[in-house]
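Engineer: Contents are mmCIF, C-alpha atoms; file name upload_17.cif:
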data_upload
#
loop_
_atom_site.label_atom_id
_atom_site.label_comp_id
_atom_site.auth_asym_id
_atom_site.auth_seq_id
_atom_site.Cartn_x
_atom_site.Cartn_y
_atom_site.Cartn_z
CA TRP A 1 27.63 99.93 -41.33
CA LEU A 2 25.02 100.01 -38.59
CA ARG A 3 22.28 99.16 -41.09
CA SER A 4 24.33 96.17 -42.27
CA ILE A 5 24.92 95.00 -38.70
CA TRP A 6 21.23 95.33 -37.88
CA LEU A 7 20.24 93.40 -41.03
CA SER A 8 22.72 90.65 -40.13
CA VAL A 9 21.16 90.36 -36.67
CA LYS A 10 17.62 90.42 -38.11
CA LEU A 11 18.52 87.53 -40.40
CA ALA A 12 20.60 85.55 -37.89
CA ALA A 13 18.06 85.53 -35.03
CA PRO A 14 15.20 83.83 -36.93
CA THR A 15 17.70 81.52 -38.59
CA ALA A 16 19.00 80.40 -35.21
CA LEU A 17 15.49 79.95 -33.80
CA LEU A 18 14.35 77.94 -36.82
CA SER A 19 17.50 75.81 -36.82
CA VAL A 20 17.21 75.00 -33.11
CA ALA A 21 13.49 74.20 -33.38
CA ILE A 22 14.09 71.79 -36.27
CA ALA A 23 17.13 70.31 -34.52
CA VAL A 24 15.14 69.58 -31.35
CA LEU A 25 12.42 67.82 -33.31
CA ALA A 26 14.93 65.88 -35.40
CA ALA A 27 17.04 64.87 -32.40
CA TYR A 28 13.96 63.72 -30.52
CA ALA A 29 12.81 61.68 -33.53
CA ILE A 30 16.25 60.13 -33.94
CA HIS A 31 16.89 59.26 -30.28
CA ARG A 32 13.51 58.85 -28.61
CA THR A 33 11.41 57.08 -31.24
CA ARG A 34 11.72 53.86 -33.19
CA LEU A 35 12.21 55.70 -36.43
CA PRO A 36 13.61 53.28 -39.03
CA GLY A 37 16.88 54.62 -40.40
CA GLY A 38 17.19 57.29 -37.73
CA GLN A 39 20.97 57.13 -37.62
CA PHE A 40 21.11 57.38 -41.41
CA LEU A 41 18.94 60.51 -41.24
CA ALA A 42 21.30 61.97 -38.64
CA PHE A 43 24.23 61.33 -40.97
CA ALA A 44 22.38 62.60 -44.05
CA SER A 45 21.50 65.85 -42.30
CA LEU A 46 25.20 66.61 -41.97
CA THR A 47 25.84 66.56 -45.72
CA SER A 48 25.40 70.32 -45.95
CA LEU A 49 28.61 70.62 -43.90
CA ILE A 50 30.46 68.66 -46.58
CA ALA A 51 29.13 70.16 -49.81
CA PRO A 52 30.46 73.56 -50.92
CA VAL A 53 28.27 76.53 -50.02
CA SER A 54 28.59 77.95 -53.53
CA ALA A 55 26.98 74.78 -54.94
CA TYR A 56 23.98 75.31 -52.65
CA ALA A 57 23.84 78.96 -53.61
CA VAL A 58 23.75 78.22 -57.35
CA ALA A 59 21.05 75.59 -56.90
CA LEU A 60 18.99 77.86 -54.66
CA TYR A 61 19.33 80.76 -57.10
CA GLY A 62 17.34 78.93 -59.75
CA PHE A 63 14.75 77.75 -57.23
CA TYR A 64 14.38 81.18 -55.64
CA ALA A 65 14.05 82.84 -59.04
CA LEU A 66 11.09 80.54 -59.80
CA THR A 67 9.43 80.97 -56.41
CA GLY A 68 9.96 84.72 -55.96
CA LEU A 69 12.24 84.39 -52.92
CA LEU A 70 15.24 85.96 -54.64
CA GLY A 71 16.30 89.13 -52.84
CA ARG A 72 13.87 88.58 -49.96
CA PRO A 73 14.82 88.17 -46.29
CA VAL A 74 12.69 85.02 -45.96
CA GLY A 75 14.75 83.34 -48.66
CA ILE A 76 17.99 84.30 -46.94
CA VAL A 77 16.73 82.97 -43.60
CA LEU A 78 15.76 79.66 -45.20
CA SER A 79 19.10 79.34 -46.98
CA HIS A 80 21.02 80.20 -43.80
CA THR A 81 18.99 77.57 -41.97
CA VAL A 82 20.36 74.96 -44.37
CA LEU A 83 23.85 75.87 -43.16
CA ALA A 84 23.06 76.35 -39.48
CA PHE A 85 20.82 73.33 -38.92
CA PRO A 86 23.59 70.66 -38.99
CA LEU A 87 25.54 72.44 -36.26
CA ALA A 88 22.43 72.82 -34.14
CA LEU A 89 21.61 69.14 -34.69
CA LEU A 90 25.09 68.01 -33.70
CA VAL A 91 24.95 69.91 -30.41
CA THR A 92 21.34 68.94 -29.69
CA ASN A 93 22.05 65.27 -30.44
CA ALA A 94 25.01 65.30 -28.07
CA ALA A 95 22.98 66.99 -25.35
CA LEU A 96 19.99 64.67 -25.76
CA THR A 97 22.07 61.48 -25.66
CA ARG A 98 23.38 62.51 -22.23
CA ILE A 99 19.85 62.73 -20.79
CA PRO A 100 18.55 59.30 -19.73
CA GLN A 101 15.15 58.44 -21.14
CA GLU A 102 14.33 56.74 -17.86
CA LEU A 103 13.82 60.15 -16.24
CA GLU A 104 10.84 60.75 -18.51
CA LEU A 105 9.49 57.28 -17.86
CA VAL A 106 9.71 57.79 -14.09
CA ALA A 107 7.86 61.09 -14.37
CA MET A 108 5.13 59.41 -16.40
CA THR A 109 4.75 56.59 -13.86
CA LEU A 110 4.28 59.25 -11.20
CA GLY A 111 1.35 60.73 -13.11
CA ALA A 112 2.84 63.24 -15.53
CA SER A 113 1.69 63.24 -19.13
CA ARG A 114 4.24 62.52 -21.85
CA TRP A 115 4.31 66.20 -22.83
CA ARG A 116 4.68 67.38 -19.22
CA ALA A 117 7.46 64.84 -18.57
CA TRP A 118 9.31 65.95 -21.68
CA ILE A 119 9.00 69.66 -20.89
CA GLY A 120 9.63 69.32 -17.15
CA ILE A 121 12.51 66.86 -17.27
CA THR A 122 14.15 66.57 -20.69
CA GLY A 123 13.39 70.13 -21.77
CA ARG A 124 14.98 71.63 -18.68
CA LEU A 125 18.06 69.44 -18.94
CA LEU A 126 18.34 70.26 -22.63
CA VAL A 127 18.41 74.06 -22.16
CA PRO A 128 22.24 74.44 -22.06
CA GLY A 129 22.54 72.45 -25.28
CA LEU A 130 19.84 74.57 -26.89
CA ILE A 131 21.64 77.75 -25.90
CA VAL A 132 24.87 76.48 -27.46
CA SER A 133 22.95 75.38 -30.58
CA PHE A 134 21.39 78.84 -30.83
CA VAL A 135 24.78 80.57 -30.53
CA PHE A 136 26.38 78.34 -33.18
CA ALA A 137 23.46 78.79 -35.56
CA PHE A 138 23.41 82.56 -34.94
CA LEU A 139 27.14 82.91 -35.61
CA THR A 140 26.90 80.73 -38.73
CA SER A 141 24.18 82.94 -40.15
CA PHE A 142 25.78 86.19 -39.01
CA ASP A 143 29.11 85.34 -40.69
CA GLU A 144 27.69 83.93 -43.95
CA ALA A 145 28.69 85.87 -47.06
CA VAL A 146 28.17 83.49 -49.99
CA PHE A 147 24.37 83.19 -49.90
CA ILE A 148 23.86 86.92 -49.48
CA ASN A 149 26.05 87.58 -52.53
CA PHE A 150 24.17 85.06 -54.67
CA LEU A 151 20.63 85.44 -53.35
CA GLY A 152 20.44 88.79 -51.59
CA GLY A 153 20.22 91.29 -54.37
CA PRO A 154 21.09 94.98 -54.07
CA GLY A 155 18.69 95.72 -51.19
CA LEU A 156 20.12 93.21 -48.72
CA VAL A 157 23.61 94.13 -47.56
CA THR A 158 24.66 92.26 -44.44
CA LEU A 159 27.85 92.97 -42.55
CA PRO A 160 29.89 90.22 -44.25
CA LYS A 161 28.74 91.46 -47.67
CA ALA A 162 29.56 95.07 -46.74
CA ILE A 163 33.02 94.02 -45.61
CA PHE A 164 33.54 91.94 -48.76
CA ASP A 165 32.41 94.79 -51.00
CA SER A 166 34.56 97.30 -49.16
CA VAL A 167 37.67 95.14 -49.42
CA ARG A 168 36.99 94.34 -53.05
CA PHE A 169 36.11 97.80 -54.33
CA GLY A 170 38.07 100.15 -52.11
CA VAL A 171 40.74 100.56 -49.48
CA ASP A 172 39.32 101.65 -46.17
CA PRO A 173 41.03 101.37 -42.76
CA LEU A 174 37.59 100.99 -41.20
CA ILE A 175 37.53 97.37 -42.40
CA THR A 176 40.41 96.44 -40.12
CA ALA A 177 38.63 97.93 -37.12
CA ILE A 178 35.35 96.19 -37.94
CA ALA A 179 37.09 92.85 -38.49
CA THR A 180 38.82 93.19 -35.12
CA ILE A 181 35.56 94.01 -33.37
CA LEU A 182 33.86 91.02 -35.03
CA MET A 183 36.64 88.68 -33.91
CA ILE A 184 36.39 89.96 -30.35
CA ILE A 185 32.59 89.66 -30.27
CA SER A 186 32.73 86.15 -31.72
CA ALA A 187 35.36 85.12 -29.17
CA VAL A 188 33.34 86.56 -26.28
CA ILE A 189 30.12 84.86 -27.43
CA ALA A 190 31.84 81.53 -28.04
CA GLY A 191 33.82 81.74 -24.77
#
Will you turn the file into structure tokens for me?
Structural biologist:
Amino acid sequence: WLRSIWLSVKLAAPTALLSVAIAVLAAYAIHRTRLPGGQFLAFASLTSLIAPVSAYAVALYGFYALTGLLGRPVGIVLSHTVLAFPLALLVTNAALTRIPQELELVAMTLGASRWRAWIGITGRLLVPGLIVSFVFAFLTSFDEAVFINFLGGPGLVTLPKAIFDSVRFGVDPLITAIATILMIISAVIAG
């Protein structure tokens, strides 16, 4: 069980970092540039929340089999990022829209470069939103069981897969205890 927990954390942390990094860039492009069709891109990025996860998993199975990513942690991180990115983008978009662009412009008129103004003003004000985005992306990846069943192979057993396999193939009272602990940890992190 500890190996499964550790693997889940090792997959969820890079997934969350990658999702937040892409979400920051996408939110900045949507809200702070004159990107044609920016709002459409924001809407289109949320389609992975609508489509069934099993449909993604079947499509990715064929692609991963061709590219050699099947059963590899990198492939799982990339597939989890597809699920976690929309949540990170939603939170980052909401946080970025609350930060007035005029603050950056004032900093630039006072001599700061565009990069320095963004890091010093917008970046600092965006930190709480980035933390929430990271937590949502982490929990999305940590709790995901469909992709690991389709794409993980026998060597990658995360905690959700271990729980699923244990419930499916045997009766073990340990599952109830682990499920309770997971609910408590998720509630503490989200609260």
Engineer: Please, which residues are within 8 Å of (23.4, 86.1, -33.9) by the file's coordinates, counting all atoms listed in the file, and could they come as number ranges by chain?
Structural biologist: A: 8-9, 12-13, 16, 135, 137-139, 141-142
Engineer: Which residues are near Asn93 (chain A)? Cut-off 8 Å, only C-alpha atoms, ignore same chain within fewer than 3 positions. Put them as a list in words.
Structural biologist: Ala27, His31, Leu89, Leu90, Leu96 and Thr97 of chain A
Engineer: I'd like the neighbourhood of region 43-48 of chain A as a ChimeraX atom specification, where a residue qualifies if any of its atoms comes within 12 Å (using all atoms listed in the file), though same-chain residues fewer than 2 positions away should be ignored.
Structural biologist: /A:22-23,26-27,30,37-41,50-57,79-90,93
Engineer: Could you list, as an mmCIF file with C-alpha atoms, in the frame of the given file, every residue matched by the PyMOL selection byres ((chain A and resi 71) around 7) in this structure?
Structural biologist:
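Result saved to result.cif:
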data_model
loop_
_atom_site.group_PDB
_atom_site.id
_atom_site.type_symbol
_atom_site.label_atom_id
_atom_site.label_comp_id
_atom_site.auth_asym_id
_atom_site.auth_seq_id
_atom_site.Cartn_x
_atom_site.Cartn_y
_atom_site.Cartn_z
ATOM 1 C CA LEU A 69 12.240 84.390 -52.920
ATOM 2 C CA LEU A 70 15.240 85.960 -54.640
ATOM 3 C CA ARG A 72 13.870 88.580 -49.960
ATOM 4 C CA PRO A 73 14.820 88.170 -46.290
ATOM 5 C CA LEU A 151 20.630 85.440 -53.350
ATOM 6 C CA GLY A 152 20.440 88.790 -51.590
ATOM 7 C CA GLY A 153 20.220 91.290 -54.370
ATOM 8 C CA LEU A 156 20.120 93.210 -48.720
#
Engineer: Separation of CA of Val20 (chain A) and CA of Ala42 (chain A), in Å?
Structural biologist: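 Answer for the CA of Val20 (chain A) to CA of Ala42 (chain A) separation: 14.7 Å.
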Engineer: For Tyr64 (chain A), which residue out of A:Thr33, A:Ser4, A:Phe150, A:Thr140 is the nearest one, using all atoms listed in the file?
Structural biologist: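 Distance minimum relative to Tyr64 (chain A) lands on A:Phe150.
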Engineer: Work out how far apart CA of Lys161 (chain A) and CA of Ile185 (chain A) are and give it in Å to one decimal.
Structural biologist: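 Distance between the two atoms: 17.9 Å.
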Engineer: Might you pull out every residue within 12 Å of Thr122 (chain A), with all atoms listed in the file counted and same-chain residues fewer than 5 positions away left off, and present them as a PDB file with C-alpha atoms, keeping the file's coordinate frame?
Structural biologist:
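The file below, part.pdb, is the result:
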ATOM      1  CA  VAL A  24      15.140  69.580 -31.350  1.00  0.00           C
ATOM      2  CA  TYR A  28      13.960  63.720 -30.520  1.00  0.00           C
ATOM      3  CA  ARG A  32      13.510  58.850 -28.610  1.00  0.00           C
ATOM      4  CA  THR A  92      21.340  68.940 -29.690  1.00  0.00           C
ATOM      5  CA  ALA A  95      22.980  66.990 -25.350  1.00  0.00           C
ATOM      6  CA  LEU A  96      19.990  64.670 -25.760  1.00  0.00           C
ATOM      7  CA  THR A  97      22.070  61.480 -25.660  1.00  0.00           C
ATOM      8  CA  ARG A  98      23.380  62.510 -22.230  1.00  0.00           C
ATOM      9  CA  ILE A  99      19.850  62.730 -20.790  1.00  0.00           C
ATOM     10  CA  PRO A 100      18.550  59.300 -19.730  1.00  0.00           C
ATOM     11  CA  GLN A 101      15.150  58.440 -21.140  1.00  0.00           C
ATOM     12  CA  GLU A 102      14.330  56.740 -17.860  1.00  0.00           C
ATOM     13  CA  LEU A 103      13.820  60.150 -16.240  1.00  0.00           C
ATOM     14  CA  GLU A 104      10.840  60.750 -18.510  1.00  0.00           C
ATOM     15  CA  LEU A 105       9.490  57.280 -17.860  1.00  0.00           C
ATOM     16  CA  VAL A 106       9.710  57.790 -14.090  1.00  0.00           C
ATOM     17  CA  ALA A 107       7.860  61.090 -14.370  1.00  0.00           C
ATOM     18  CA  ARG A 114       4.240  62.520 -21.850  1.00  0.00           C
ATOM     19  CA  TRP A 115       4.310  66.200 -22.830  1.00  0.00           C
ATOM     20  CA  ARG A 116       4.680  67.380 -19.220  1.00  0.00           C
ATOM     21  CA  ALA A 117       7.460  64.840 -18.570  1.00  0.00           C
ATOM     22  CA  VAL A 127      18.410  74.060 -22.160  1.00  0.00           C
ATOM     23  CA  PRO A 128      22.240  74.440 -22.060  1.00  0.00           C
ATOM     24  CA  GLY A 129      22.540  72.450 -25.280  1.00  0.00           C
ATOM     25  CA  LEU A 130      19.840  74.570 -26.890  1.00  0.00           C
TER      26      LEU A 130
END
Engineer: To test the calculation: enclose all listed atoms of region 41-55 of chain A in a box whose edges run along x, y and z, add 5 Å on each side, then state centre and edge lengths in Å to one decimal, as JSON.
Structural biologist:
{"center_x": 24.7, "center_y": 69.2, "center_z": -46.8, "size_x": 21.5, "size_y": 27.4, "size_z": 26.3}
Engineer: Would you write out, as a ChimeraX atom specification, every residue that the PyMOL selection byres ((chain A and resi 160) around 8) captures in this file?
Structural biologist: /A:142-145,158-159,161-164
Engineer: Restricting the calculation to only C-alpha atoms: of A:Leu182, A:Val74, A:Ile175, A:Leu126, which residue gets closest to Lys10 (chain A)?
Structural biologist: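 Nearest candidate to Lys10 (chain A) out of A:Leu182, A:Val74, A:Ile175, A:Leu126: A:Val74.
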Engineer: Calculate how many Å separate CA of Val146 (chain A) from CA of Tyr61 (chain A), rounding to one decimal.
Structural biologist: 11.7 Å
